[in-house]
$ cat protein_21.txt   # compact mmCIF, C-alpha atoms
# COMPACT_ATOMS: atom_id res chain seq x y z
CA MET Y 1 2.58 16.29 5.92
CA HIS Y 2 -0.68 17.20 4.17
CA PRO Y 3 -2.63 14.09 3.07
CA PHE Y 4 -2.74 15.43 -0.48
CA ARG Y 5 1.06 15.39 -0.62
CA VAL Y 6 1.18 11.84 0.73
CA ILE Y 7 -1.20 10.65 -1.97
CA ALA Y 8 0.63 12.58 -4.67
CA ALA Y 9 3.97 11.19 -3.53
CA ALA Y 10 2.57 7.66 -3.57
CA LEU Y 11 1.21 8.19 -7.07
CA PHE Y 12 4.33 9.66 -8.60
CA LEU Y 13 7.02 7.87 -6.62
CA GLY Y 14 5.76 4.82 -4.83
CA VAL Y 15 3.60 2.99 -7.32
CA PRO Y 16 5.92 3.26 -10.34
CA GLY Y 17 8.77 2.08 -8.13
CA ILE Y 18 6.93 -1.04 -7.10
CA ALA Y 19 5.59 -1.54 -10.60
CA GLN Y 20 9.09 -1.93 -11.97
CA ALA Y 21 9.41 -5.11 -9.99
CA GLN Y 22 5.98 -6.55 -10.82
CA GLN Y 23 3.34 -6.33 -13.56
CA PRO Y 24 1.88 -2.83 -13.24
CA ASP Y 25 -1.72 -1.78 -13.75
CA LEU Y 26 -1.86 1.54 -15.61
CA TYR Y 27 -4.87 3.19 -17.21
CA PHE Y 28 -6.56 6.40 -18.16
CA GLN Y 29 -10.21 7.20 -18.75
CA LEU Y 30 -12.25 10.06 -20.17
CA GLY Y 31 -15.87 10.41 -19.20
CA ALA Y 32 -18.54 12.38 -17.42
CA VAL Y 33 -19.54 12.70 -13.78
CA TRP Y 34 -22.87 13.63 -12.24
CA ALA Y 35 -23.01 14.96 -8.72
CA ALA Y 36 -25.97 15.29 -6.36
CA PRO Y 37 -26.79 18.80 -5.07
CA LEU Y 38 -24.01 20.58 -3.23
CA LEU Y 39 -26.37 22.39 -0.90
CA HIS Y 40 -30.05 22.77 -0.06
CA ASP Y 41 -31.28 26.01 1.46
CA ASN Y 42 -34.51 27.77 2.28
CA ILE Y 43 -34.75 31.55 2.49
CA ALA Y 44 -38.09 33.18 3.30
CA GLY Y 45 -39.91 30.02 2.28
CA GLN Y 46 -38.11 29.68 -1.05
CA ASP Y 47 -36.19 26.45 -1.64
CA ILE Y 48 -32.78 26.91 -3.24
CA THR Y 49 -30.65 24.07 -4.57
CA THR Y 50 -27.03 24.47 -5.58
CA GLN Y 51 -25.85 21.85 -8.03
CA GLN Y 52 -22.95 21.04 -10.32
CA SER Y 53 -23.54 20.41 -13.99
CA ILE Y 54 -22.59 17.07 -15.50
CA ALA Y 55 -18.87 17.49 -15.90
CA PRO Y 56 -16.26 15.90 -18.16
CA PHE Y 57 -13.38 14.23 -16.37
CA VAL Y 58 -9.96 12.75 -16.97
CA ARG Y 59 -8.86 9.88 -14.74
CA LEU Y 60 -5.39 8.40 -14.41
CA GLY Y 61 -4.78 5.27 -12.41
CA ALA Y 62 -1.97 3.00 -11.40
CA GLY Y 63 -1.89 -0.17 -9.39
CA LEU Y 64 -0.10 -3.29 -8.45
CA PRO Y 65 -1.58 -6.79 -8.42
CA LEU Y 66 -0.53 -8.47 -5.19
CA ASP Y 67 -1.98 -11.86 -6.10
CA PRO Y 68 -4.37 -13.11 -8.82
CA LYS Y 69 -7.45 -12.00 -6.88
CA PHE Y 70 -6.33 -8.83 -5.22
CA GLY Y 71 -4.42 -5.63 -5.91
CA ILE Y 72 -3.86 -2.13 -4.67
CA GLY Y 73 -4.11 1.06 -6.67
CA LEU Y 74 -4.34 4.79 -6.73
CA GLU Y 75 -6.33 6.89 -9.16
CA ALA Y 76 -6.55 10.61 -9.70
CA THR Y 77 -9.59 12.23 -11.30
CA VAL Y 78 -9.96 15.82 -12.38
CA ALA Y 79 -13.34 17.16 -13.52
CA TRP Y 80 -14.46 20.57 -14.74
CA GLY Y 81 -17.99 21.89 -14.75
CA GLY Y 82 -20.32 24.73 -13.96
CA TYR Y 83 -22.49 25.09 -10.90
CA SER Y 84 -25.69 27.00 -10.39
CA ALA Y 85 -28.41 27.82 -7.91
CA ASP Y 86 -31.98 26.86 -8.74
CA GLU Y 87 -34.85 28.70 -7.07
CA GLY Y 88 -38.31 27.76 -8.29
CA GLY Y 89 -36.97 26.76 -11.69
CA THR Y 90 -34.92 29.93 -12.13
CA LYS Y 91 -31.23 29.13 -12.43
CA THR Y 92 -28.41 31.47 -11.51
CA ASP Y 93 -25.01 30.64 -12.92
CA LEU Y 94 -22.44 30.73 -10.13
CA GLY Y 95 -19.32 30.05 -12.19
CA ASN Y 96 -17.21 26.95 -12.56
CA ILE Y 97 -15.65 24.46 -10.23
CA THR Y 98 -12.84 22.02 -10.73
CA THR Y 99 -12.78 18.91 -8.59
CA LEU Y 100 -9.58 17.01 -8.03
CA GLY Y 101 -9.97 13.61 -6.37
CA PHE Y 102 -7.54 10.93 -5.29
CA LEU Y 103 -8.72 7.43 -4.42
CA ALA Y 104 -6.44 4.84 -2.85
CA ASN Y 105 -8.15 1.58 -3.64
CA LEU Y 106 -8.25 -2.17 -3.39
CA ASN Y 107 -9.24 -4.02 -6.53
CA GLY Y 108 -9.57 -7.42 -8.06
CA PRO Y 109 -11.39 -9.51 -10.63
CA ILE Y 110 -15.02 -10.57 -10.28
CA VAL Y 111 -14.88 -12.49 -13.51
CA GLN Y 112 -12.15 -12.46 -16.14
CA ARG Y 113 -13.03 -9.12 -17.76
CA LEU Y 114 -14.92 -7.45 -14.94
CA HIS Y 115 -13.03 -6.03 -11.98
CA TRP Y 116 -14.17 -4.30 -8.81
CA ARG Y 117 -12.48 -1.36 -7.14
CA ALA Y 118 -13.18 0.31 -3.77
CA GLY Y 119 -11.29 2.76 -1.66
CA ILE Y 120 -10.91 5.95 0.28
CA GLY Y 121 -9.26 9.24 -0.60
CA MET Y 122 -9.60 12.98 -0.73
CA ILE Y 123 -11.33 15.43 -3.02
CA GLY Y 124 -10.79 19.14 -3.42
CA THR Y 125 -13.52 21.39 -4.81
CA LEU Y 126 -11.81 24.38 -6.39
CA PRO Y 127 -14.13 27.24 -7.43
CA SER Y 128 -13.31 29.66 -10.25
CA ALA Y 129 -13.87 32.53 -7.81
CA ASP Y 130 -13.97 32.89 -4.04
CA ALA Y 131 -17.61 33.98 -3.88
CA GLY Y 132 -20.98 32.74 -2.69
CA ILE Y 133 -20.75 29.41 -0.87
CA PHE Y 134 -17.01 29.38 -1.62
CA LEU Y 135 -16.37 32.93 -0.39
CA GLN Y 136 -13.86 31.64 2.16
CA GLY Y 137 -12.41 29.20 -0.34
CA ALA Y 138 -12.78 25.46 -0.45
CA LYS Y 139 -11.08 22.71 1.45
CA TRP Y 140 -10.16 19.10 0.97
CA ASN Y 141 -12.75 16.55 2.00
CA VAL Y 142 -12.78 12.82 2.56
CA LEU Y 143 -13.92 10.67 -0.37
CA PHE Y 144 -15.28 7.11 -0.37
CA GLY Y 145 -15.63 5.38 -3.70
CA ALA Y 146 -16.32 2.08 -5.37
CA GLY Y 147 -16.70 0.96 -8.94
CA LEU Y 148 -16.47 -1.57 -11.68
CA ASP Y 149 -14.13 -1.77 -14.65
CA TYR Y 150 -14.76 -3.84 -17.76
CA TYR Y 151 -11.86 -4.73 -20.04
CA LEU Y 152 -12.04 -5.54 -23.73
CA PRO Y 153 -8.87 -6.66 -25.53
CA LEU Y 154 -7.84 -4.05 -28.07
CA SER Y 155 -4.28 -4.97 -29.03
CA THR Y 156 -1.41 -7.00 -27.71
CA LYS Y 157 -0.53 -4.20 -25.30
CA PHE Y 158 -3.79 -2.46 -24.48
CA ASP Y 159 -7.33 -3.15 -23.35
CA LEU Y 160 -10.30 -0.88 -23.88
CA MET Y 161 -11.49 -0.07 -20.38
CA ILE Y 162 -14.99 0.99 -19.41
CA GLY Y 163 -15.23 2.23 -15.85
CA ALA Y 164 -18.20 3.08 -13.65
CA ARG Y 165 -17.78 4.70 -10.27
CA ALA Y 166 -20.04 5.69 -7.40
CA ASP Y 167 -18.54 7.80 -4.68
CA THR Y 168 -19.51 10.21 -2.00
CA HIS Y 169 -17.71 13.01 -0.24
CA THR Y 170 -18.38 15.61 2.39
CA LEU Y 171 -18.72 19.24 1.33
CA THR Y 172 -19.01 21.87 4.02
CA PRO Y 173 -17.36 25.08 2.80
CA ASN Y 174 -16.24 27.46 5.51
CA GLN Y 175 -18.60 30.18 4.29
CA VAL Y 176 -21.59 27.88 4.62
CA THR Y 177 -20.66 27.12 8.22
CA ALA Y 178 -20.05 30.81 8.88
CA VAL Y 179 -23.60 31.78 7.90
CA GLY Y 180 -25.14 29.18 10.18
CA PHE Y 181 -25.49 25.92 8.29
CA GLY Y 182 -25.26 22.90 10.55
CA GLY Y 183 -24.31 19.29 9.99
CA THR Y 184 -22.35 17.85 7.13
CA GLN Y 185 -23.37 17.83 3.50
CA TRP Y 186 -22.64 14.59 1.68
CA VAL Y 187 -22.38 14.76 -2.09
CA PRO Y 188 -22.77 11.44 -3.92
CA GLN Y 189 -21.40 11.25 -7.45
CA VAL Y 190 -21.64 8.72 -10.25
CA SER Y 191 -19.39 8.64 -13.27
CA LEU Y 192 -18.86 6.68 -16.43
CA GLY Y 193 -15.62 6.66 -18.36
CA VAL Y 194 -13.92 4.99 -21.29
CA GLY Y 195 -10.21 4.65 -21.77
CA LEU Y 196 -7.20 2.47 -22.25
CA SER Y 197 -5.33 0.27 -19.84
CA LEU Y 198 -2.26 -1.88 -20.11
CA ARG Y 199 -3.54 -5.28 -21.14
CA LYS Y 200 -5.15 -7.19 -18.28
CA THR Y 201 -7.16 -9.70 -20.30
CA PRO Y 202 -5.38 -13.01 -21.00
CA LYS Y 203 -3.61 -13.23 -24.34
CA SER Y 204 -5.10 -15.94 -26.57
CA MET N 1 -12.92 -9.79 -0.60
CA ILE N 2 -16.22 -8.46 -1.95
CA ARG N 3 -18.03 -9.79 1.12
CA ARG N 4 -15.55 -8.00 3.35
CA LEU N 5 -16.03 -4.73 1.48
CA LEU N 6 -19.82 -4.93 1.38
CA PRO N 7 -20.30 -3.41 4.87
CA LEU N 8 -18.05 -0.49 3.84
CA VAL N 9 -20.12 0.15 0.73
CA VAL N 10 -23.37 -0.02 2.71
CA LEU N 11 -21.96 2.34 5.35
CA THR N 12 -20.84 4.75 2.62
CA LEU N 13 -24.28 4.81 1.03
CA ALA N 14 -25.97 5.24 4.41
CA THR N 15 -23.84 8.19 5.47
CA SER N 16 -24.11 9.82 2.06
CA CYS N 17 -27.82 10.43 2.60
CA GLY N 18 -27.08 13.21 5.12
CA ASP N 19 -27.76 16.85 4.33
CA SER N 20 -26.58 19.93 6.14
CA SER N 21 -29.33 22.02 7.74
CA SER N 22 -29.93 25.55 6.50
CA PRO N 23 -30.02 28.49 8.92
CA LEU N 24 -33.40 29.98 9.85
CA ARG N 25 -32.34 33.60 9.24
CA ALA N 26 -35.16 34.61 11.59
CA ASP N 27 -33.26 37.46 13.24
CA ALA N 28 -34.05 40.18 10.73
CA TYR N 29 -35.72 43.59 10.71
CA GLU N 30 -38.44 45.03 8.51
CA TRP N 31 -37.05 46.25 5.19
CA ARG N 32 -40.28 46.94 3.33
CA LEU N 33 -41.95 50.33 3.21
CA PHE N 34 -45.61 50.62 4.21
CA VAL N 35 -47.47 53.53 2.68
CA PRO N 36 -51.09 54.61 3.07
CA ALA N 37 -53.29 53.64 0.16
CA GLY N 38 -56.62 55.29 0.70
CA ALA N 39 -58.39 55.91 3.98
CA THR N 40 -57.67 52.63 5.73
CA ALA N 41 -55.59 50.51 3.36
CA VAL N 42 -51.82 50.16 3.48
CA ASP N 43 -49.59 49.30 0.55
CA THR N 44 -46.44 47.26 1.07
CA LEU N 45 -43.50 48.31 -1.05
CA ALA N 46 -40.86 45.60 -1.49
CA PHE N 47 -38.04 45.84 -3.99
CA ALA N 48 -35.07 43.76 -5.03
CA TRP N 49 -33.04 44.09 -8.19
CA PRO N 50 -33.95 41.29 -10.60
CA ASN N 51 -31.29 38.85 -11.69
CA SER N 52 -31.56 40.21 -15.24
CA SER N 53 -30.21 43.57 -14.01
CA LEU N 54 -26.99 42.12 -12.69
CA PRO N 55 -24.28 43.10 -12.38
CA LEU N 56 -25.56 46.46 -11.18
CA LYS N 57 -23.58 49.33 -12.65
CA ILE N 58 -22.41 51.81 -10.02
CA TRP N 59 -20.76 55.13 -10.65
CA ALA N 60 -19.11 57.26 -7.97
CA GLU N 61 -17.86 60.86 -8.18
CA ASP N 62 -14.07 60.95 -8.09
CA THR N 63 -13.67 62.89 -4.86
CA LEU N 64 -13.10 62.02 -1.21
CA ASP N 65 -12.07 58.56 -2.40
CA LEU N 66 -15.73 57.77 -3.12
CA PRO N 67 -14.91 55.20 -5.85
CA THR N 68 -12.92 53.18 -3.32
CA HIS N 69 -15.69 53.45 -0.73
CA ALA N 70 -18.22 52.39 -3.36
CA ALA N 71 -16.11 49.40 -4.39
CA ASN N 72 -15.78 48.42 -0.72
CA ALA N 73 -19.55 48.73 -0.32
CA ILE N 74 -20.15 46.47 -3.34
CA THR N 75 -17.88 43.82 -1.87
CA ALA N 76 -19.44 44.15 1.58
CA TRP N 77 -22.95 43.47 0.25
CA GLN N 78 -21.94 40.85 -2.32
CA ASP N 79 -20.36 38.86 0.48
CA GLN N 80 -23.72 38.62 2.27
CA PHE N 81 -25.18 36.42 -0.46
CA LEU N 82 -24.58 32.75 -1.22
CA TYR N 83 -26.32 32.45 -4.58
CA GLY N 84 -25.29 35.46 -6.66
CA GLU N 85 -28.40 37.49 -5.79
CA PHE N 86 -26.40 40.72 -6.05
CA ARG N 87 -23.33 41.54 -8.08
CA GLY N 88 -22.11 45.04 -8.72
CA GLN N 89 -19.42 46.69 -10.79
CA MET N 90 -18.02 50.18 -10.96
CA VAL N 91 -18.52 51.98 -14.26
CA SER N 92 -16.77 55.07 -15.61
CA ASP N 93 -19.79 56.67 -17.27
CA SER N 94 -22.62 57.86 -15.02
CA SER N 95 -25.10 57.80 -17.89
CA ASP N 96 -24.79 54.02 -17.88
CA ALA N 97 -25.25 53.59 -14.11
CA ASP N 98 -28.01 52.01 -12.04
CA ILE N 99 -26.73 53.76 -8.92
CA ILE N 100 -24.96 57.13 -8.89
CA ILE N 101 -23.00 58.21 -5.84
CA VAL N 102 -22.11 61.90 -5.48
CA THR N 103 -21.11 64.31 -2.74
CA GLY N 104 -23.56 66.88 -1.55
CA GLN N 105 -26.72 67.32 0.42
CA LEU N 106 -29.76 65.22 -0.29
CA PRO N 107 -32.28 67.33 -2.20
CA ALA N 108 -35.87 67.49 -1.01
CA SER N 109 -37.64 64.56 -2.58
CA VAL N 110 -40.61 62.29 -2.01
CA TRP N 111 -38.75 59.05 -1.35
CA THR N 112 -35.57 59.58 0.60
CA LEU N 113 -33.68 57.58 3.17
CA ARG N 114 -30.99 59.14 5.33
CA SER N 115 -28.18 58.05 7.57
CA MET N 116 -26.84 60.41 10.19
CA ALA N 117 -23.34 59.49 11.30
CA ARG N 118 -21.46 62.29 13.11
CA GLU N 119 -18.74 63.15 10.61
CA CYS N 120 -20.80 62.67 7.48
CA GLU N 121 -24.34 62.25 6.34
CA GLY N 122 -25.81 60.12 3.60
CA GLY N 123 -29.05 59.95 1.74
CA THR N 124 -30.58 57.85 -1.00
CA ASP N 125 -33.12 59.19 -3.44
CA VAL N 126 -35.37 56.31 -4.43
CA PRO N 127 -36.56 56.95 -8.01
CA LEU N 128 -40.07 55.73 -7.37
CA ASP N 129 -43.11 57.33 -8.94
CA PRO N 130 -45.57 57.73 -6.02
CA VAL N 131 -48.57 57.42 -8.31
CA THR N 132 -47.65 54.53 -10.58
CA MET N 133 -45.29 52.84 -8.09
CA ILE N 134 -42.84 52.27 -10.94
CA LEU N 135 -39.17 52.59 -10.10
CA THR N 136 -36.97 54.12 -12.79
CA PRO N 137 -33.21 53.91 -12.15
CA PRO N 138 -30.76 55.35 -11.46
CA PHE N 139 -30.85 55.65 -7.69
CA HIS N 140 -28.94 58.72 -6.51
CA VAL N 141 -26.88 58.43 -3.36
CA TYR N 142 -25.66 61.63 -1.71
CA ILE N 143 -22.70 61.63 0.65
CA ASP N 144 -22.24 64.85 2.62
CA PRO N 145 -18.97 65.24 4.57
CA ARG N 146 -20.12 67.43 7.44
CA LEU N 147 -16.73 67.61 9.18
CA GLU N 148 -14.17 67.50 6.39
CA ASP N 149 -11.16 67.61 8.71
CA ALA N 150 -12.43 65.01 11.15
CA PRO N 151 -9.94 62.17 11.62
CA ALA N 152 -12.71 59.58 11.36
CA LEU N 153 -14.13 61.02 8.13
CA ASP N 154 -12.71 58.29 5.93
CA SER N 155 -14.28 55.58 8.07
CA CYS N 156 -17.55 57.50 8.14
CA LEU N 157 -17.60 57.84 4.35
CA ASN N 158 -16.92 54.13 4.00
CA LEU N 159 -19.71 52.95 6.30
CA THR N 160 -22.16 55.60 5.07
CA THR N 161 -21.59 54.58 1.43
CA ALA N 162 -22.20 50.94 2.40
CA HIS N 163 -25.31 51.96 4.36
CA GLU N 164 -26.73 53.92 1.42
CA LEU N 165 -25.97 51.10 -0.99
CA GLY N 166 -28.05 48.91 1.33
CA HIS N 167 -30.99 51.25 0.71
CA ALA N 168 -30.37 51.20 -3.03
CA LEU N 169 -30.42 47.40 -2.94
CA GLY N 170 -33.90 47.38 -1.44
CA ILE N 171 -33.66 47.86 2.32
CA PHE N 172 -36.18 50.68 2.51
CA GLN N 173 -36.20 51.00 6.31
CA HIS N 174 -33.66 51.47 9.07
CA SER N 175 -32.77 48.80 11.56
CA PRO N 176 -33.76 49.60 15.14
CA ASP N 177 -30.51 48.00 16.38
CA SER N 178 -27.32 50.07 16.62
CA GLY N 179 -25.29 46.92 15.95
CA ASP N 180 -26.49 46.91 12.36
CA LEU N 181 -25.05 48.79 9.38
CA MET N 182 -28.60 49.81 8.43
CA TYR N 183 -29.20 51.57 11.77
CA SER N 184 -30.15 55.21 11.17
CA ASP N 185 -26.96 56.45 12.84
CA PRO N 186 -24.62 53.65 11.81
CA VAL N 187 -21.43 52.94 13.73
CA VAL N 188 -20.52 49.43 12.56
CA THR N 189 -18.40 49.24 9.44
CA ALA N 190 -19.85 46.13 7.78
CA PRO N 191 -23.21 44.40 7.45
CA SER N 192 -24.11 42.43 10.56
CA GLU N 193 -25.76 39.03 10.74
CA ARG N 194 -29.14 40.77 11.02
CA ASP N 195 -28.31 42.89 7.97
CA ARG N 196 -27.36 39.71 6.12
CA ASN N 197 -30.57 37.94 7.12
CA THR N 198 -32.62 40.97 6.13
CA ILE N 199 -31.08 41.48 2.68
CA ASN N 200 -31.37 37.75 2.00
CA ARG N 201 -35.05 37.79 2.93
CA ALA N 202 -35.53 40.85 0.71
CA TYR N 203 -34.03 39.02 -2.27
CA HIS N 204 -36.18 35.91 -1.79
CA THR N 205 -39.50 37.67 -1.19
CA PRO N 206 -41.74 38.70 -4.10
CA THR N 207 -41.28 42.34 -5.04
CA THR N 208 -44.23 44.71 -5.30
CA ILE N 209 -42.46 47.49 -7.16
CA GLN N 210 -42.12 47.40 -10.93
CA LEU N 211 -38.77 48.28 -12.42
CA SER N 212 -38.74 50.41 -15.54
CA ARG N 213 -35.77 50.56 -17.91

$ encode --input "protein_21.txt" --output "structure tokens"
Amino acid sequence: MHPFRVIAAALFLGVPGIAQAQQPDLYFQLGAVWAAPLLHDNIAGQDITTQQSIAPFVRLGAGLPLDPKFGIGLEATVAWGGYSADEGGTKTDLGNITTLGFLANLNGPIVQRLHWRAGIGMIGTLPSADAGIFLQGAKWNVLFGAGLDYYLPLSTKFDLMIGARADTHTLTPNQVTAVGFGGTQWVPQVSLGVGLSLRKTPKS
Amino acid sequence: MIRRLLPLVVLTLATSCGDSSSPLRADAYEWRLFVPAGATAVDTLAFAWPNSSLPLKIWAEDTLDLPTHAANAITAWQDQFLYGEFRGQMVSDSSDADIIIVTGQLPASVWTLRSMARECEGGTDVPLDPVTMILTPPFHVYIDPRLEDAPALDSCLNLTTAHELGHALGIFQHSPDSGDLMYSDPVVTAPSERDRNTINRAYHTPTTIQLSR
């Protein structure tokens, strides 16, 4: 079975099932993500950098505390943004890309309101058109991520949640390999989001 | 738990510093035109369509399936680029076109480039003023079916249209290698790796020809 389907099945079937038996951890965030360049190239002495714009994202997460200091979770993030090639300060718009990432994670509290999260998953980079570096389409790549979440009590049921993430993933589109690029391109990303979670802070 | 995860985070950051390496694209042929300029001097003519001209508007006469061959040629060349250096689109009005493709023999002209496949012949009239060195579109591409009943005519028209579009994009010389689409008597049906390297070098080298609109 494709890893994407395994993660999706865990998200939609597994976690809610377990959560019925124990206190679930559910949240969503809206925010923005910045990604490092997708590709560096040099043609006839001219440096060319392909980069995504800062992109808005929506993140949904679910988890299950296993004990007071440790839990497991799964979060899905979808982001939309443009990408362009920059050659000597001249930018060429190359269209849009949607990234869809899944991160299976371990998490737990550092202090009462501040929690850590780290995990591994997959990310798909889906271009608006099969052209340029994505001429032969995109593929799913491995994703490593870690982050912090800060919770502020908002009501009896919800916390305001501020989340920061740093992650990195490989990106080696088939077309790039086909024209002679070697090695693996790693694309670090950082993101900041704000959202709501089911209340995690202690009730006073 | 954090102490246990710390090595994983450090490893992630360390591996994320890696970049893929770009290809050298060294295997290319000369695309620029060298013309005498005075008694001993030589002028180098290099041309590439500027980004502001894109997408290039291409019109083809509706005969011998030329519009289809032209559309195939656009796709064939677009696919050689990674960064949107060339994009083309078919247009229905020739008066609006940057490149006009018609059937017929190439007229006598100052700046012409020919391809000589067996079943058909092609030629591109480069609209360059030899005195001012200013290029004023449209380019005119002529496709001449020499053997109209030849079974391989369709294939010949397809590769000849792609070859001539290569000239109109700025490859002003022929490749010396028969494995390339831009060879003077082309036999391959799509741009080769050397064609790709050459057109990419052409579009990332300063041009010496002014474009007039």

$ axis_aligned_box --input "protein_21.txt" --around "segment 111-127 of chain Y" --padding-each-side "4 Å" --output "lines of an AutoDock Vina configuration file"
center_x = -12.1
center_y = 7.4
center_z = -8.7
size_x = 13.7
size_y = 47.7
size_z = 26.0

$ closest_residue --input "protein_21.txt" --among "Y:Thr184, Y:Thr125, Y:Thr172, Y:Thr201" --to "chain N" --atoms "only C-alpha atoms"
Y:Thr184

$ residues_around --input "protein_21.txt" --residues "segment 82-96 of chain Y" --least-positions-apart "4" --cutoff "7 Å" --atoms "all atoms listed in the file" --output "PDB file with C-alpha atoms, keeping the file's coordinate frame"
ATOM      1  CA  GLN Y  46     -38.110  29.680  -1.050  1.00  0.00           C
ATOM      2  CA  ASP Y  47     -36.190  26.450  -1.640  1.00  0.00           C
ATOM      3  CA  ILE Y  48     -32.780  26.910  -3.240  1.00  0.00           C
ATOM      4  CA  THR Y  49     -30.650  24.070  -4.570  1.00  0.00           C
ATOM      5  CA  THR Y  50     -27.030  24.470  -5.580  1.00  0.00           C
ATOM      6  CA  GLN Y  51     -25.850  21.850  -8.030  1.00  0.00           C
ATOM      7  CA  GLN Y  52     -22.950  21.040 -10.320  1.00  0.00           C
ATOM      8  CA  SER Y  53     -23.540  20.410 -13.990  1.00  0.00           C
ATOM      9  CA  PRO Y 127     -14.130  27.240  -7.430  1.00  0.00           C
ATOM     10  CA  SER Y 128     -13.310  29.660 -10.250  1.00  0.00           C
TER      11      SER Y 128
ATOM     12  CA  TYR N  83     -26.320  32.450  -4.580  1.00  0.00           C
ATOM     13  CA  GLY N  84     -25.290  35.460  -6.660  1.00  0.00           C
TER      14      GLY N  84
END

$ closest_residue --input "protein_21.txt" --among "N:Ala71, N:Leu33, N:Ala168, N:Leu82" --to "chain Y" --atoms "only C-alpha atoms"
N:Leu82

$ closest_residue --input "protein_21.txt" --among "N:Asp149, N:Gln210, N:Gln105, N:Trp31" --to "Tyr183 of chain N" --atoms "all atoms listed in the file"
N:Trp31

$ atom_distance --input "protein_21.txt" --atom1 "atom CA of Val142 of chain Y" --atom2 "atom CA of Gly101 of chain Y"
9.4 Å

$ closest_residue --input "protein_21.txt" --among "Y:Phe158, Y:Phe181, Y:Trp80, Y:Trp140" --to "Thr99 of chain Y" --atoms "all atoms listed in the file"
Y:Trp80

$ residues_around --input "protein_21.txt" --residues "Met122 of chain Y" --least-positions-apart "6" --cutoff "10 Å" --atoms "only C-alpha atoms" --output "JSON, numbers by chain"
{"Y": [3, 4, 7, 76, 100, 101, 102, 103, 104, 140, 141, 142, 143, 144, 169, 170]}

$ atom_distance --input "protein_21.txt" --atom1 "atom CA of Gly195 of chain Y" --atom2 "atom CA of Pro153 of chain Y"
12.0 Å

$ atom_distance --input "protein_21.txt" --atom1 "atom CA of Val33 of chain Y" --atom2 "atom CA of Ser22 of chain N"
26.2 Å

$ interface_residues --input "protein_21.txt" --of "chain Y" --to "chain N" --cutoff "6 Å" --atoms "all atoms listed in the file" --output "MDAnalysis selection string"
chainID Y and resid 41 44 132:133 180:186

$ residues_around --input "protein_21.txt" --residues "Gln175 of chain Y" --least-positions-apart "5" --cutoff "7 Å" --atoms "only C-alpha atoms" --output "MDAnalysis selection string"
chainID Y and resid 133:136

$ residues_around --input "protein_21.txt" --residues "Leu154 of chain Y" --least-positions-apart "5" --cutoff "9 Å" --atoms "only C-alpha atoms" --output "ChimeraX atom specification"
/Y:159-160,196,199

$ closest_residue --input "protein_21.txt" --among "Y:Asn107, Y:Gln112, Y:Thr77, Y:Thr168" --to "Gly145 of chain Y" --atoms "all atoms listed in the file"
Y:Thr168

$ decode --input "protein_21.txt" --residues "segment 75-86 of chain N" --atoms "N, CA and C atoms" --output "tab-separated table (two decimals), in the first residue's frame"
chain	number	residue	atom	x	y	z
N	75	THR	N	5.77	22.46	-28.30
N	75	THR	CA	5.91	21.58	-27.13
N	75	THR	C	7.32	21.01	-27.05
N	76	ALA	N	7.85	20.59	-28.20
N	76	ALA	CA	9.19	19.98	-28.21
N	76	ALA	C	10.25	20.94	-27.67
N	77	TRP	N	10.16	22.20	-28.04
N	77	TRP	CA	11.17	23.18	-27.57
N	77	TRP	C	10.88	23.66	-26.16
N	78	GLN	N	9.59	23.85	-25.84
N	78	GLN	CA	9.26	24.25	-24.46
N	78	GLN	C	9.81	23.25	-23.45
N	79	ASP	N	9.73	21.98	-23.82
N	79	ASP	CA	10.15	20.92	-22.90
N	79	ASP	C	11.66	20.89	-22.67
N	80	GLN	N	12.42	21.66	-23.43
N	80	GLN	CA	13.87	21.68	-23.26
N	80	GLN	C	14.30	22.66	-22.15
N	81	PHE	N	13.35	23.45	-21.69
N	81	PHE	CA	13.68	24.50	-20.71
N	81	PHE	C	13.13	24.15	-19.34
N	82	LEU	N	13.85	24.57	-18.30
N	82	LEU	CA	13.40	24.35	-16.93
N	82	LEU	C	12.76	25.59	-16.32
N	83	TYR	N	13.07	26.77	-16.87
N	83	TYR	CA	12.70	28.00	-16.15
N	83	TYR	C	11.83	28.94	-16.99
N	84	GLY	N	11.03	28.40	-17.88
N	84	GLY	CA	10.09	29.21	-18.64
N	84	GLY	C	10.74	30.16	-19.62
N	85	GLU	N	11.95	29.82	-20.11
N	85	GLU	CA	12.65	30.72	-21.03
N	85	GLU	C	11.90	30.88	-22.35
N	86	PHE	N	11.18	29.84	-22.76
N	86	PHE	CA	10.38	29.94	-23.99
N	86	PHE	C	9.00	29.34	-23.73
